[in-house]
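Pasting coords04.tsv here (TSV, C-alpha atoms):
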```tsv
chain	number	residue	atom	x	y	z
A	29	MET	CA	12.69	78.54	7.47
A	30	THR	CA	13.89	82.06	6.68
A	31	ALA	CA	12.82	82.98	3.21
A	32	ALA	CA	15.57	85.26	2.00
A	33	ALA	CA	18.57	83.53	3.55
A	34	ARG	CA	20.85	81.13	1.74
A	35	THR	CA	23.04	78.17	2.51
A	36	TYR	CA	26.75	78.84	2.06
A	37	TRP	CA	29.05	76.01	1.04
A	38	LEU	CA	32.66	76.33	2.14
A	39	THR	CA	34.57	73.98	-0.13
A	40	GLU	CA	38.10	75.00	0.84
A	41	PRO	CA	39.94	75.12	4.15
A	42	CYS	CA	39.21	78.53	5.58
A	43	ARG	CA	38.96	80.68	8.64
A	44	ILE	CA	35.64	82.17	9.70
A	45	ARG	CA	36.03	85.52	11.43
A	46	ARG	CA	33.68	88.09	12.82
A	47	GLU	CA	33.93	91.59	11.41
A	48	ASP	CA	31.50	94.47	11.90
A	49	ASN	CA	28.92	92.05	13.37
A	50	SER	CA	29.05	90.09	10.16
A	51	ILE	CA	31.09	87.21	8.76
A	52	ARG	CA	34.39	87.30	6.93
A	53	ILE	CA	35.74	84.17	5.25
A	54	GLU	CA	39.53	84.04	4.98
A	55	ARG	CA	41.16	81.58	2.66
A	56	PRO	CA	44.85	81.09	1.95
A	57	ASP	CA	46.14	83.22	-0.95
A	58	GLN	CA	42.80	84.80	-1.74
A	59	THR	CA	41.17	88.04	-0.75
A	60	PRO	CA	38.76	87.60	2.14
A	61	ILE	CA	35.08	87.31	1.29
A	62	ARG	CA	32.50	89.07	3.42
A	63	ILE	CA	29.09	87.49	3.82
A	64	PRO	CA	26.20	89.49	5.24
A	65	ILE	CA	25.03	87.76	8.39
A	66	THR	CA	21.34	88.18	7.59
A	67	ASP	CA	21.84	86.33	4.29
A	68	ILE	CA	23.03	83.08	5.93
A	69	ARG	CA	20.64	80.27	6.79
A	70	ASP	CA	23.40	77.80	7.51
A	71	LEU	CA	26.98	76.98	6.58
A	72	VAL	CA	28.20	73.65	5.25
A	73	ALA	CA	31.96	73.32	5.68
A	74	PHE	CA	33.47	70.65	3.42
A	75	ASP	CA	36.97	71.00	4.78
A	76	HIS	CA	38.83	72.23	7.81
A	77	VAL	CA	37.56	75.50	9.21
A	78	ASP	CA	38.77	77.69	12.00
A	79	VAL	CA	36.24	79.43	14.20
A	80	ASN	CA	36.50	81.42	17.39
A	81	THR	CA	34.16	82.27	20.21
A	82	SER	CA	33.08	85.63	18.84
A	83	VAL	CA	31.98	83.99	15.57
A	84	VAL	CA	30.09	81.26	17.39
A	85	SER	CA	28.23	83.76	19.57
A	86	LEU	CA	27.30	85.81	16.51
A	87	LEU	CA	26.08	82.70	14.64
A	88	ASN	CA	24.13	81.64	17.69
A	89	ARG	CA	22.42	85.01	17.91
A	90	HIS	CA	21.28	84.71	14.30
A	91	ASP	CA	20.26	81.03	14.65
A	92	ILE	CA	22.77	79.78	12.13
A	93	THR	CA	23.90	76.15	12.13
A	94	VAL	CA	27.36	75.18	10.90
A	95	HIS	CA	27.67	71.64	9.55
A	96	LEU	CA	31.18	70.26	9.56
A	97	LEU	CA	32.41	67.54	7.22
A	98	ASP	CA	35.91	66.19	7.59
A	99	HIS	CA	38.46	65.88	4.80
A	100	TYR	CA	37.04	62.51	3.66
A	101	GLY	CA	33.45	63.68	3.61
A	102	ASN	CA	32.38	62.05	6.86
A	103	TYR	CA	30.00	63.96	9.02
A	104	ALA	CA	32.15	65.51	11.74
A	105	GLY	CA	29.52	67.43	13.70
A	106	SER	CA	27.56	70.65	13.83
A	107	PHE	CA	27.53	73.88	15.73
A	108	THR	CA	23.89	74.31	16.53
A	109	PRO	CA	22.31	77.40	18.02
A	110	HIS	CA	20.44	77.16	21.30
A	111	GLU	CA	17.00	75.58	21.05
A	112	GLY	CA	14.90	78.57	20.19
A	113	MET	CA	11.96	76.51	18.99
A	114	SER	CA	11.66	74.16	21.95
A	115	SER	CA	8.21	73.08	23.08
A	116	ALA	CA	7.74	70.62	25.91
A	117	LEU	CA	4.36	69.48	24.58
A	118	ALA	CA	5.69	68.54	21.14
A	119	LEU	CA	8.72	66.81	22.62
A	120	ARG	CA	6.60	64.81	25.10
A	121	ARG	CA	4.31	63.70	22.29
A	122	GLN	CA	7.33	62.77	20.15
A	123	VAL	CA	8.64	60.53	22.90
A	124	GLU	CA	5.20	58.94	23.33
A	125	VAL	CA	4.79	58.28	19.61
A	126	THR	CA	8.25	56.76	19.23
A	127	SER	CA	8.02	54.59	22.33
A	128	ASP	CA	4.74	53.04	21.15
A	129	THR	CA	6.06	49.96	19.32
A	130	HIS	CA	3.13	49.74	16.92
A	131	LEU	CA	3.29	53.41	15.88
A	132	ARG	CA	7.05	53.34	15.62
A	133	LEU	CA	7.19	50.23	13.45
A	134	THR	CA	4.40	51.48	11.18
A	135	ALA	CA	6.34	54.65	10.50
A	136	ALA	CA	9.59	52.70	10.10
A	137	ARG	CA	7.95	50.30	7.60
A	138	ASP	CA	6.60	53.24	5.63
A	139	ILE	CA	10.04	54.81	5.51
A	140	VAL	CA	11.64	51.58	4.23
A	141	ALA	CA	8.92	50.97	1.64
A	142	THR	CA	8.97	54.55	0.39
A	143	THR	CA	12.75	54.68	0.21
A	144	ALA	CA	12.74	51.53	-1.90
A	145	ALA	CA	10.08	52.99	-4.20
A	146	ASN	CA	12.11	56.21	-4.46
A	147	VAL	CA	15.22	54.25	-5.41
A	148	LYS	CA	13.29	52.57	-8.18
A	149	TRP	CA	11.99	55.98	-9.28
A	150	ALA	CA	15.48	57.48	-9.24
A	151	LEU	CA	16.97	54.63	-11.25
A	152	ASP	CA	13.94	54.54	-13.55
A	153	THR	CA	14.17	50.85	-14.42
A	154	ASP	CA	12.10	47.66	-14.48
A	155	LEU	CA	15.01	45.62	-13.20
A	156	LEU	CA	14.09	46.52	-9.63
A	157	ASP	CA	10.47	45.32	-9.86
A	158	ALA	CA	11.20	41.86	-8.46
A	159	PRO	CA	13.30	43.01	-5.45
A	160	LEU	CA	10.71	45.69	-4.70
A	161	LYS	CA	7.94	43.08	-4.72
A	162	ARG	CA	9.94	40.86	-2.38
A	163	LEU	CA	10.50	43.85	-0.07
A	164	THR	CA	6.79	44.67	0.15
A	165	GLU	CA	6.04	41.00	0.90
A	166	ASP	CA	8.66	40.78	3.63
A	167	LEU	CA	7.86	44.06	5.37
A	168	PRO	CA	4.72	43.05	7.33
A	169	THR	CA	6.54	40.05	8.85
A	170	ALA	CA	9.44	42.11	10.23
A	171	GLY	CA	9.00	42.45	13.97
A	172	ASP	CA	11.67	44.98	14.91
A	173	SER	CA	13.79	47.68	13.32
A	174	ASN	CA	16.80	45.39	12.88
A	175	ALA	CA	14.73	43.06	10.72
A	176	LEU	CA	13.44	46.06	8.76
A	177	MET	CA	16.96	47.32	8.17
A	178	GLY	CA	17.96	43.83	7.01
A	179	ILE	CA	15.17	43.76	4.43
A	180	GLU	CA	16.16	47.21	3.27
A	181	GLY	CA	19.78	46.10	3.01
A	182	ASN	CA	18.82	43.22	0.70
A	183	PHE	CA	16.91	45.56	-1.56
A	184	ARG	CA	19.70	48.13	-1.57
A	185	ARG	CA	22.24	45.49	-2.62
A	186	SER	CA	20.28	44.72	-5.77
A	187	SER	CA	19.73	48.42	-6.40
A	188	TRP	CA	23.48	49.15	-6.24
A	189	GLU	CA	24.04	46.40	-8.81
A	190	VAL	CA	21.46	47.93	-11.11
A	191	LEU	CA	23.01	51.36	-10.64
A	192	ASP	CA	26.41	49.96	-11.64
A	193	THR	CA	25.04	49.00	-15.06
A	194	MET	CA	24.32	52.69	-15.74
A	195	LEU	CA	27.76	54.00	-14.84
A	196	PRO	CA	31.11	54.11	-16.65
A	197	PRO	CA	33.55	51.49	-15.30
A	198	TRP	CA	35.64	53.89	-13.21
A	199	LEU	CA	32.59	55.25	-11.37
A	200	ARG	CA	31.05	51.85	-10.53
A	201	LEU	CA	30.42	51.00	-6.91
A	202	ASN	CA	31.15	47.24	-6.98
A	203	GLY	CA	29.32	46.86	-3.69
A	204	ARG	CA	28.62	49.68	-1.29
A	205	THR	CA	31.50	50.43	1.07
A	206	ARG	CA	31.70	53.07	3.76
A	207	ARG	CA	34.19	54.29	6.30
A	208	PRO	CA	36.18	54.76	4.15
A	209	PRO	CA	34.48	54.52	0.73
A	210	SER	CA	36.65	52.27	-1.45
A	211	ASN	CA	36.16	53.89	-4.85
A	212	ALA	CA	34.99	57.04	-6.59
A	213	GLY	CA	31.31	56.06	-6.85
A	214	ASN	CA	31.10	55.16	-3.18
A	215	ALA	CA	32.86	58.37	-2.20
A	216	PHE	CA	30.31	60.39	-4.14
A	217	ILE	CA	27.32	58.59	-2.63
A	218	SER	CA	28.72	58.95	0.89
A	219	TYR	CA	29.35	62.63	0.36
A	220	VAL	CA	25.88	63.41	-0.90
A	221	ASN	CA	24.22	61.29	1.78
A	222	THR	CA	26.09	63.19	4.47
A	223	ILE	CA	24.88	66.48	3.07
A	224	VAL	CA	21.26	65.32	2.80
A	225	TYR	CA	21.51	64.29	6.45
A	226	ALA	CA	22.86	67.72	7.35
A	227	ARG	CA	20.04	69.44	5.44
A	228	MET	CA	17.50	67.34	7.35
A	229	LEU	CA	19.14	68.34	10.61
A	230	THR	CA	18.83	72.01	9.70
A	231	ALA	CA	15.15	71.49	8.91
A	232	LEU	CA	14.60	69.74	12.24
A	233	ARG	CA	16.20	72.65	14.05
A	234	CYS	CA	13.33	74.80	12.74
A	235	THR	CA	10.80	72.56	14.52
A	236	PRO	CA	10.39	71.69	18.20
A	237	LEU	CA	11.31	68.04	17.49
A	238	HIS	CA	14.31	66.41	19.06
A	239	PRO	CA	16.54	65.16	16.22
A	240	ALA	CA	17.80	62.15	18.20
A	241	ILE	CA	14.44	60.46	18.90
A	242	GLY	CA	13.63	58.48	15.78
A	243	PHE	CA	11.73	55.54	14.35
A	244	LEU	CA	13.90	53.26	12.27
A	245	HIS	CA	17.57	53.51	13.14
A	246	ALA	CA	18.79	52.19	16.46
A	247	ASP	CA	18.98	54.85	19.17
A	248	THR	CA	22.49	53.82	20.09
A	249	ASP	CA	23.82	54.21	16.57
A	250	ARG	CA	27.07	56.12	17.18
A	251	ARG	CA	25.24	58.85	19.07
A	252	ARG	CA	23.91	60.19	15.78
A	253	ASN	CA	20.63	62.00	15.37
A	254	THR	CA	18.41	59.10	14.46
A	255	LEU	CA	15.32	61.10	13.49
A	256	ALA	CA	17.41	63.07	11.00
A	257	LEU	CA	18.81	59.78	9.64
A	258	ASP	CA	15.29	58.32	9.31
A	259	LEU	CA	13.78	61.30	7.57
A	260	ALA	CA	16.78	61.78	5.28
A	261	GLU	CA	16.35	58.21	4.02
A	262	PRO	CA	13.55	58.86	1.44
A	263	PHE	CA	15.48	61.86	0.07
A	264	LYS	CA	18.77	60.10	-0.48
A	265	PRO	CA	17.78	58.49	-3.82
A	266	LEU	CA	16.48	61.86	-5.02
A	267	PHE	CA	19.94	63.34	-4.62
A	268	ALA	CA	22.62	60.64	-4.44
A	269	GLU	CA	21.54	58.10	-7.07
A	270	ARG	CA	20.02	60.63	-9.41
A	271	LEU	CA	22.95	63.05	-9.31
A	272	LEU	CA	25.43	60.22	-9.77
A	273	ARG	CA	23.56	58.99	-12.84
A	274	ARG	CA	23.29	62.50	-14.21
A	275	ALA	CA	26.94	63.30	-13.54
A	276	ALA	CA	27.91	60.10	-15.35
A	277	ALA	CA	25.65	60.79	-18.32
A	278	GLN	CA	26.66	64.43	-18.67
A	279	LYS	CA	30.31	63.64	-17.88
A	280	THR	CA	30.49	66.42	-15.27
A	281	LEU	CA	32.64	64.30	-12.97
A	282	ARG	CA	36.11	63.24	-14.03
A	283	GLN	CA	38.57	60.82	-12.57
A	284	SER	CA	40.69	63.80	-11.52
A	285	ASP	CA	37.86	65.00	-9.24
A	286	PHE	CA	38.63	62.11	-6.90
A	287	GLU	CA	41.69	61.26	-4.88
A	288	SER	CA	41.83	57.50	-5.15
A	289	ASP	CA	44.17	55.36	-3.16
A	290	VAL	CA	44.26	51.63	-2.54
A	291	ALA	CA	40.86	50.72	-1.07
A	292	ARG	CA	39.89	54.29	-0.29
A	293	ALA	CA	38.72	57.32	-2.25
A	294	SER	CA	37.55	60.83	-1.54
A	295	LEU	CA	36.67	63.91	-3.50
A	296	SER	CA	39.47	66.26	-4.44
A	297	LYS	CA	39.35	70.01	-3.92
A	298	GLY	CA	37.91	70.65	-7.37
A	299	GLY	CA	35.54	67.72	-6.99
A	300	ARG	CA	34.16	69.09	-3.74
A	301	LYS	CA	33.41	72.39	-5.42
A	302	LYS	CA	31.66	70.64	-8.30
A	303	VAL	CA	29.54	68.51	-5.98
A	304	ALA	CA	28.62	71.56	-3.89
A	305	GLU	CA	27.53	73.43	-7.00
A	306	MET	CA	25.51	70.43	-8.25
A	307	LEU	CA	23.78	70.08	-4.91
A	308	ARG	CA	23.09	73.78	-4.60
A	309	ALA	CA	21.43	73.83	-8.01
A	310	GLU	CA	19.50	70.65	-7.22
A	311	LEU	CA	18.21	71.92	-3.86
A	312	ALA	CA	17.04	75.13	-5.52
A	313	SER	CA	15.06	73.39	-8.29
A	314	THR	CA	11.33	73.54	-7.81
A	315	VAL	CA	8.26	71.38	-8.40
A	316	TYR	CA	4.59	72.18	-8.19
A	317	HIS	CA	3.12	71.05	-4.88
A	318	ARG	CA	-0.45	69.92	-5.41
A	319	SER	CA	-1.91	70.54	-1.97
A	320	LEU	CA	0.03	73.74	-1.27
A	321	LYS	CA	-0.87	74.89	-4.81
A	322	ARG	CA	2.48	76.55	-5.38
A	323	LYS	CA	5.98	75.74	-6.41
A	324	VAL	CA	8.32	74.44	-3.72
A	325	SER	CA	12.04	73.82	-3.90
A	326	TYR	CA	13.62	70.47	-2.99
A	327	GLU	CA	15.09	72.26	0.00
A	328	GLU	CA	11.60	73.14	1.17
A	329	LEU	CA	10.41	69.55	0.62
A	330	ILE	CA	12.95	68.51	3.25
A	331	HIS	CA	11.52	71.15	5.55
A	332	LEU	CA	7.95	69.95	4.89
A	333	GLU	CA	9.03	66.43	5.82
A	334	ALA	CA	10.05	67.66	9.27
A	335	LEU	CA	6.67	69.38	9.62
A	336	LYS	CA	4.91	66.08	8.83
A	337	ILE	CA	6.45	64.58	11.97
A	338	VAL	CA	5.28	67.59	13.98
A	339	ARG	CA	1.75	66.90	12.75
A	340	LEU	CA	2.11	63.19	13.50
A	341	CYS	CA	3.05	64.06	17.07
A	342	LEU	CA	0.66	66.89	17.77
A	343	GLU	CA	-2.38	66.05	15.64
A	344	GLY	CA	-2.04	62.31	15.13
A	345	THR	CA	-2.19	62.58	11.32
A	346	SER	CA	-0.67	59.50	9.77
A	347	TYR	CA	2.84	60.01	8.44
A	348	LYS	CA	3.32	59.49	4.71
A	349	PRO	CA	7.01	59.69	3.82
A	350	PHE	CA	8.11	61.75	0.85
A	351	ARG	CA	7.53	60.21	-2.56
A	352	PRO	CA	8.31	62.13	-5.75
A	353	TRP	CA	5.07	62.73	-7.65
A	354	TRP	CA	6.49	64.24	-10.80
B	24	MET	CA	13.19	91.66	-2.78
B	25	PHE	CA	16.47	92.35	-4.54
B	26	VAL	CA	18.08	95.67	-3.63
B	27	VAL	CA	21.01	97.69	-4.88
B	28	VAL	CA	22.31	100.26	-2.42
B	29	VAL	CA	24.53	103.15	-3.45
B	30	TYR	CA	25.79	105.62	-0.91
B	31	ASP	CA	27.48	109.00	-1.03
B	32	THR	CA	28.48	110.24	2.39
B	33	LEU	CA	31.08	112.49	3.97
B	34	ALA	CA	34.38	110.59	4.02
B	35	GLU	CA	34.54	110.37	7.81
B	36	ARG	CA	31.14	108.66	7.95
B	37	ASN	CA	31.98	106.13	5.22
B	38	PRO	CA	33.23	103.37	7.55
B	39	LYS	CA	30.06	103.55	9.61
B	40	ILE	CA	27.70	103.07	6.71
B	41	LEU	CA	29.99	100.43	5.20
B	42	LYS	CA	29.79	98.38	8.39
B	43	THR	CA	26.01	98.69	8.54
B	44	CYS	CA	25.60	97.60	4.93
B	45	ARG	CA	27.93	94.61	5.38
B	46	GLN	CA	25.55	93.05	7.87
B	47	TYR	CA	22.78	92.91	5.30
B	48	LEU	CA	24.21	92.96	1.79
B	49	HIS	CA	27.03	91.83	-0.44
B	50	TRP	CA	29.77	94.34	-1.07
B	51	VAL	CA	30.16	94.67	-4.86
B	52	GLN	CA	32.00	97.99	-5.22
B	53	ARG	CA	33.50	100.60	-2.93
B	54	SER	CA	30.21	102.29	-2.26
B	55	VAL	CA	27.79	99.81	-3.82
B	56	PHE	CA	26.03	96.88	-2.16
B	57	GLN	CA	23.47	94.43	-3.45
B	58	GLY	CA	21.56	91.43	-2.24
B	59	GLU	CA	18.32	89.77	-1.30
B	60	LEU	CA	16.30	91.21	1.63
B	61	SER	CA	12.98	90.31	3.17
B	62	ALA	CA	10.49	93.08	3.91
B	63	ALA	CA	11.39	93.02	7.60
B	64	GLN	CA	15.11	93.04	6.89
B	65	HIS	CA	14.62	95.95	4.52
B	66	ARG	CA	12.85	97.88	7.25
B	67	SER	CA	15.52	97.27	9.87
B	68	PHE	CA	18.21	98.04	7.31
B	69	THR	CA	16.75	101.44	6.45
B	70	GLU	CA	16.38	102.22	10.16
B	71	ALA	CA	20.00	101.26	10.77
B	72	VAL	CA	21.15	103.45	7.87
B	73	LYS	CA	19.16	106.41	9.19
B	74	GLY	CA	20.95	106.00	12.50
B	75	VAL	CA	24.46	106.37	11.10
B	76	ILE	CA	24.17	109.04	8.40
B	77	ASP	CA	23.68	112.80	8.59
B	78	LEU	CA	20.31	113.32	6.97
B	79	GLU	CA	21.25	116.95	6.18
B	80	TYR	CA	24.30	116.07	4.13
B	81	ASP	CA	24.56	112.38	3.12
B	82	SER	CA	22.61	110.48	0.52
B	83	VAL	CA	21.85	106.77	0.27
B	84	LEU	CA	20.00	105.41	-2.74
B	85	ILE	CA	18.15	102.09	-2.52
B	86	TYR	CA	16.97	100.51	-5.77
B	87	ARG	CA	14.39	97.81	-5.20
B	88	MET	CA	13.08	95.13	-7.54
B	89	GLN	CA	10.87	92.14	-6.99
B	90	THR	CA	13.42	89.52	-8.04
B	91	HIS	CA	17.02	89.43	-9.11
B	92	HIS	CA	15.82	87.90	-12.39
B	93	ALA	CA	14.66	91.38	-13.38
B	94	VAL	CA	18.23	92.69	-13.28
B	95	GLN	CA	20.78	92.05	-15.95
B	96	THR	CA	24.25	92.83	-14.70
B	97	GLU	CA	27.38	93.29	-16.73
B	98	THR	CA	30.80	93.75	-15.20
B	99	ILE	CA	33.69	95.32	-17.06
B	100	GLY	CA	37.10	94.93	-15.47
B	101	GLN	CA	37.56	93.56	-11.97
B	102	GLU	CA	34.79	91.71	-10.18
B	103	PHE	CA	34.86	92.21	-6.40
B	104	SER	CA	32.40	89.57	-5.36
B	105	SER	CA	30.46	87.05	-7.38
B	106	GLY	CA	27.92	86.57	-4.60
B	107	SER	CA	27.90	82.82	-5.23
B	108	PRO	CA	27.14	80.74	-2.14
B	109	VAL	CA	29.73	78.11	-3.11
B	110	LEU	CA	33.02	79.39	-1.71
```
In structure tokens, write the structure found in this file.
Amino acid sequence: MTAAARTYWLTEPCRIRREDNSIRIERPDQTPIRIPITDIRDLVAFDHVDVNTSVVSLLNRHDITVHLLDHYGNYAGSFTPHEGMSSALALRRQVEVTSDTHLRLTAARDIVATTAANVKWALDTDLLDAPLKRLTEDLPTAGDSNALMGIEGNFRRSSWEVLDTMLPPWLRLNGRTRRPPSNAGNAFISYVNTIVYARMLTALRCTPLHPAIGFLHADTDRRRNTLALDLAEPFKPLFAERLLRRAAAQKTLRQSDFESDVARASLSKGGRKKVAEMLRAELASTVYHRSLKRKVSYEELIHLEALKIVRLCLEGTSYKPFRPWW
Amino acid sequence: MFVVVVYDTLAERNPKILKTCRQYLHWVQRSVFQGELSAAQHRSFTEAVKGVIDLEYDSVLIYRMQTHHAVQTETIGQEFSSGSPVL
């Protein structure tokens, strides 16, 4: 992870051009903005962008990933640089670890259990005690990842209901819907989840791991990067649920930040900007890490999570998914 | 480290130094750049600057500070670039 570089969030439709071996962002009816190439860690594009070959080759040379989200906030894809970190040994071990059913299911169970605990932490309520207890009882009996995902689904359903009680009526989820999200709350959660997934993918690009060989999600799941999906799971409550609660309490989000239609909703232009700013601030906030004995940002926690899998593969240390300790 | 770079060069060499600075720093005024650099980036930046200026005539000033928190900036009139990563 480059220390000085930053993530840039492109919230409006724009054109990325190469100028003087650096980047120029052109937006309709605004003066172009020039970004120094050495200051970019990755780009997250929230809306349509135009790129050309010379930009891509420049980004590739500086190891910069571009994450693309479509107009509705679905993950559309990424431009990833060539694999500069590749290591056959680490990859071979990763395949071995994930094809060992016992090892894979242990890790998957841990991810499900931790995610559930993180949801309870994020919602900060006793109402989830009973579902959480049921989840921990059911987990050891689950024999494959489908069963695990089912158990997680049951828990999540009760957690969405609890979350609804903390939100104003217009922001309530009324059951989680995706593709497309049916209301404002669902649109927000989908958006943030997509970005957390993209952050995880960036972190995995800094390690020799292959982002598609994972533990919990099915390998055939829409050709997505399953390891990134797995590892993003424990972080989703930290961002999605918590930011939604905070936005509702502080009234940062308004009804006008969403474009709602019958049975579908997405963030508006202004809303996208707000969410990007919220996420940027959240990723930059720091906590004291007890074993590293220094402050780390949430962004870096995501990076450390990827390194845990490297250690699981290369050194056989048991994998403990991320749990907030503060 | 946070750096502020101010340059004063012969007019015909201005574009060259401008292009070099743009690769590393945010353009905040016609001959002023600022931004965050690592030690290695700072080194390669100063080398690149030395390559394009005439050391006998031109002058480039680099102000360094440990963090950007140490700098309080005030803008009067037009702001060229806010430097915010949310665009």
Sorted per-residue table, chain B near chain A, closest atoms and distance, 12 Å, all atoms listed in the file, as a tab-separated table:
```
residue	atom	partner	partner_atom	distance
B:Met24	CA	A:Ala32	CA	8.3
B:Phe25	CA	A:Ala32	CA	9.7
B:Pro38	CA	A:Asp48	CA	10.1
B:Lys39	CA	A:Asp48	CA	9.5
B:Ile40	CA	A:Asp48	CA	10.7
B:Leu41	CA	A:Asp48	CA	9.1
B:Lys42	CA	A:Asp48	CA	5.5
B:Thr43	CA	A:Asp48	CA	7.7
B:Cys44	CA	A:Pro64	CA	8.1
B:Arg45	CA	A:Pro64	CA	5.4
B:Gln46	CA	A:Pro64	CA	4.5
B:Tyr47	CA	A:Pro64	CA	4.8
B:Leu48	CA	A:Pro64	CA	5.3
B:His49	CA	A:Pro64	CA	6.2
B:Trp50	CA	A:Arg62	CA	7.4
B:Val51	CA	A:Arg62	CA	10.3
B:Phe56	CA	A:Pro64	CA	10.5
B:Gln57	CA	A:Pro64	CA	10.4
B:Gly58	CA	A:Asp67	CA	8.3
B:Glu59	CA	A:Ala32	CA	6.2
B:Leu60	CA	A:Ala32	CA	6.0
B:Ser61	CA	A:Ala32	CA	5.8
B:Ala62	CA	A:Ala32	CA	9.5
B:Ala63	CA	A:Ala32	CA	10.4
B:Gln64	CA	A:Thr66	CA	7.9
B:His65	CA	A:Thr66	CA	10.7
B:Ser67	CA	A:Thr66	CA	11.0
B:Phe68	CA	A:Thr66	CA	10.3
B:Thr90	CA	A:Ala32	CA	11.1
B:His91	CA	A:Ala32	CA	12.0
B:Glu102	CA	A:Thr59	CA	12.0
B:Phe103	CA	A:Ile61	CA	9.1
B:Ser104	CA	A:Ile61	CA	7.5
B:Ser105	CA	A:Ile61	CA	9.8
B:Gly106	CA	A:Ile63	CA	8.6
B:Ser107	CA	A:Tyr36	CA	8.4
B:Pro108	CA	A:Tyr36	CA	4.6
B:Val109	CA	A:Trp37	CA	4.7
B:Leu110	CA	A:Leu38	CA	4.9
```
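CA of Glu54 (chain A) sits 24.8 Å away from CA of Val28 (chain B).
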Practice task
For CA of Ser294 (chain A) and CA of Asn221 (chain A), quote the distance in Å rounded to one decimal.
Solution key: 13.7 Å
Handout entry: Nearby residues (all atoms listed in the file) at most 10 Å from Phe350 (chain A), same-chain spacing under 6 positions excluded, as a list of chain:residue names
Key = A:Asp138, A:Ile139, A:Thr142, A:Thr143, A:Asn146, A:Leu259, A:Ala260, A:Glu261, A:Pro262, A:Phe263, A:Leu329, A:Ile330, A:Leu332, A:Glu333, A:Lys336
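In this model, the gap between CA of Pro236 (chain A) and CA of Asp258 (chain A) comes to 16.8 Å.
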Problem - Counting only C-alpha atoms, the residue of B:Thr69, B:Ser54, B:Gln101, B:Ser82 that sits nearest Thr32 (chain B) - result: B:Ser82
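With all atoms listed in the file as the basis for measurement, B:Gln52 is the residue among B:Val72, B:Glu79, B:Arg66, B:Gln52 that approaches Thr98 (chain B) most closely.
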Exercise for the section: Give me the residues within 12 Å of Pro265 (chain A) as a ChimeraX atom specification, counting only C-alpha atoms and dropping any in the same chain fewer than 5 places off. Expected result: /A:142-152,184,187-188,191,217-218,220-221,224,260,270-273,350-352
Neighbour list for Val303 (chain A) as an mmCIF file with C-alpha atoms, in the coordinates of the input, cut-off 9 Å, all atoms listed in the file, skip fewer than 5 positions in-chain:
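Saved result, around.cif, follows:
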```cif
data_model
loop_
_atom_site.group_PDB
_atom_site.id
_atom_site.type_symbol
_atom_site.label_atom_id
_atom_site.label_comp_id
_atom_site.auth_asym_id
_atom_site.auth_seq_id
_atom_site.Cartn_x
_atom_site.Cartn_y
_atom_site.Cartn_z
ATOM 1 C CA PHE A 216 30.310 60.390 -4.140
ATOM 2 C CA TYR A 219 29.350 62.630 0.360
ATOM 3 C CA VAL A 220 25.880 63.410 -0.900
ATOM 4 C CA LEU A 281 32.640 64.300 -12.970
ATOM 5 C CA LEU A 295 36.670 63.910 -3.500
ATOM 6 C CA GLY A 298 37.910 70.650 -7.370
ATOM 7 C CA ARG A 308 23.090 73.780 -4.600
#
```
Practice task
Find the residues near Leu84 (chain B): any atom within 10 Å, counting all atoms listed in the file, skip ones fewer than 6 places away on the same chain, and give them as number ranges by chain.
Solution key: B: 26-31, 55
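Taking all atoms listed in the file into account, the polymer residues that have an atom no farther than 10 Å from (7.2, 64.4, 22.8) are Ser115, Ala116, Leu117, Ala118, Leu119, Arg120, Arg121, Gln122, Val123, Glu124, Val125, Thr126, Ser127, Pro236, Leu237, His238, Ile241, Val338, Cys341 and Leu342 of chain A.
The protein and nucleic acid residues lying at most 12 Å from Arg200 (chain A) are Trp188, Glu189, Val190, Leu191, Asp192, Thr193, Met194, Leu195, Pro196, Arg204, Thr205, Ser210, Asn211, Ala212, Gly213, Asn214, Ala215, Phe216, Ile217, Glu269, Leu272, Arg273, Ala276 and Gln283 of chain A, with all atoms listed in the file considered and sequence neighbours fewer than 4 positions away removed.
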Practice task
List every protein, DNA or RNA residue that has an atom no more than 12 Å from (36.3, 61.9, 4.9) in the file's coordinate frame, counting only C-alpha atoms, and report them as a ChimeraX atom specification.
Solution key: /A:74-76,96-104,206-210,214-216,218-219,222,287,292-296,300
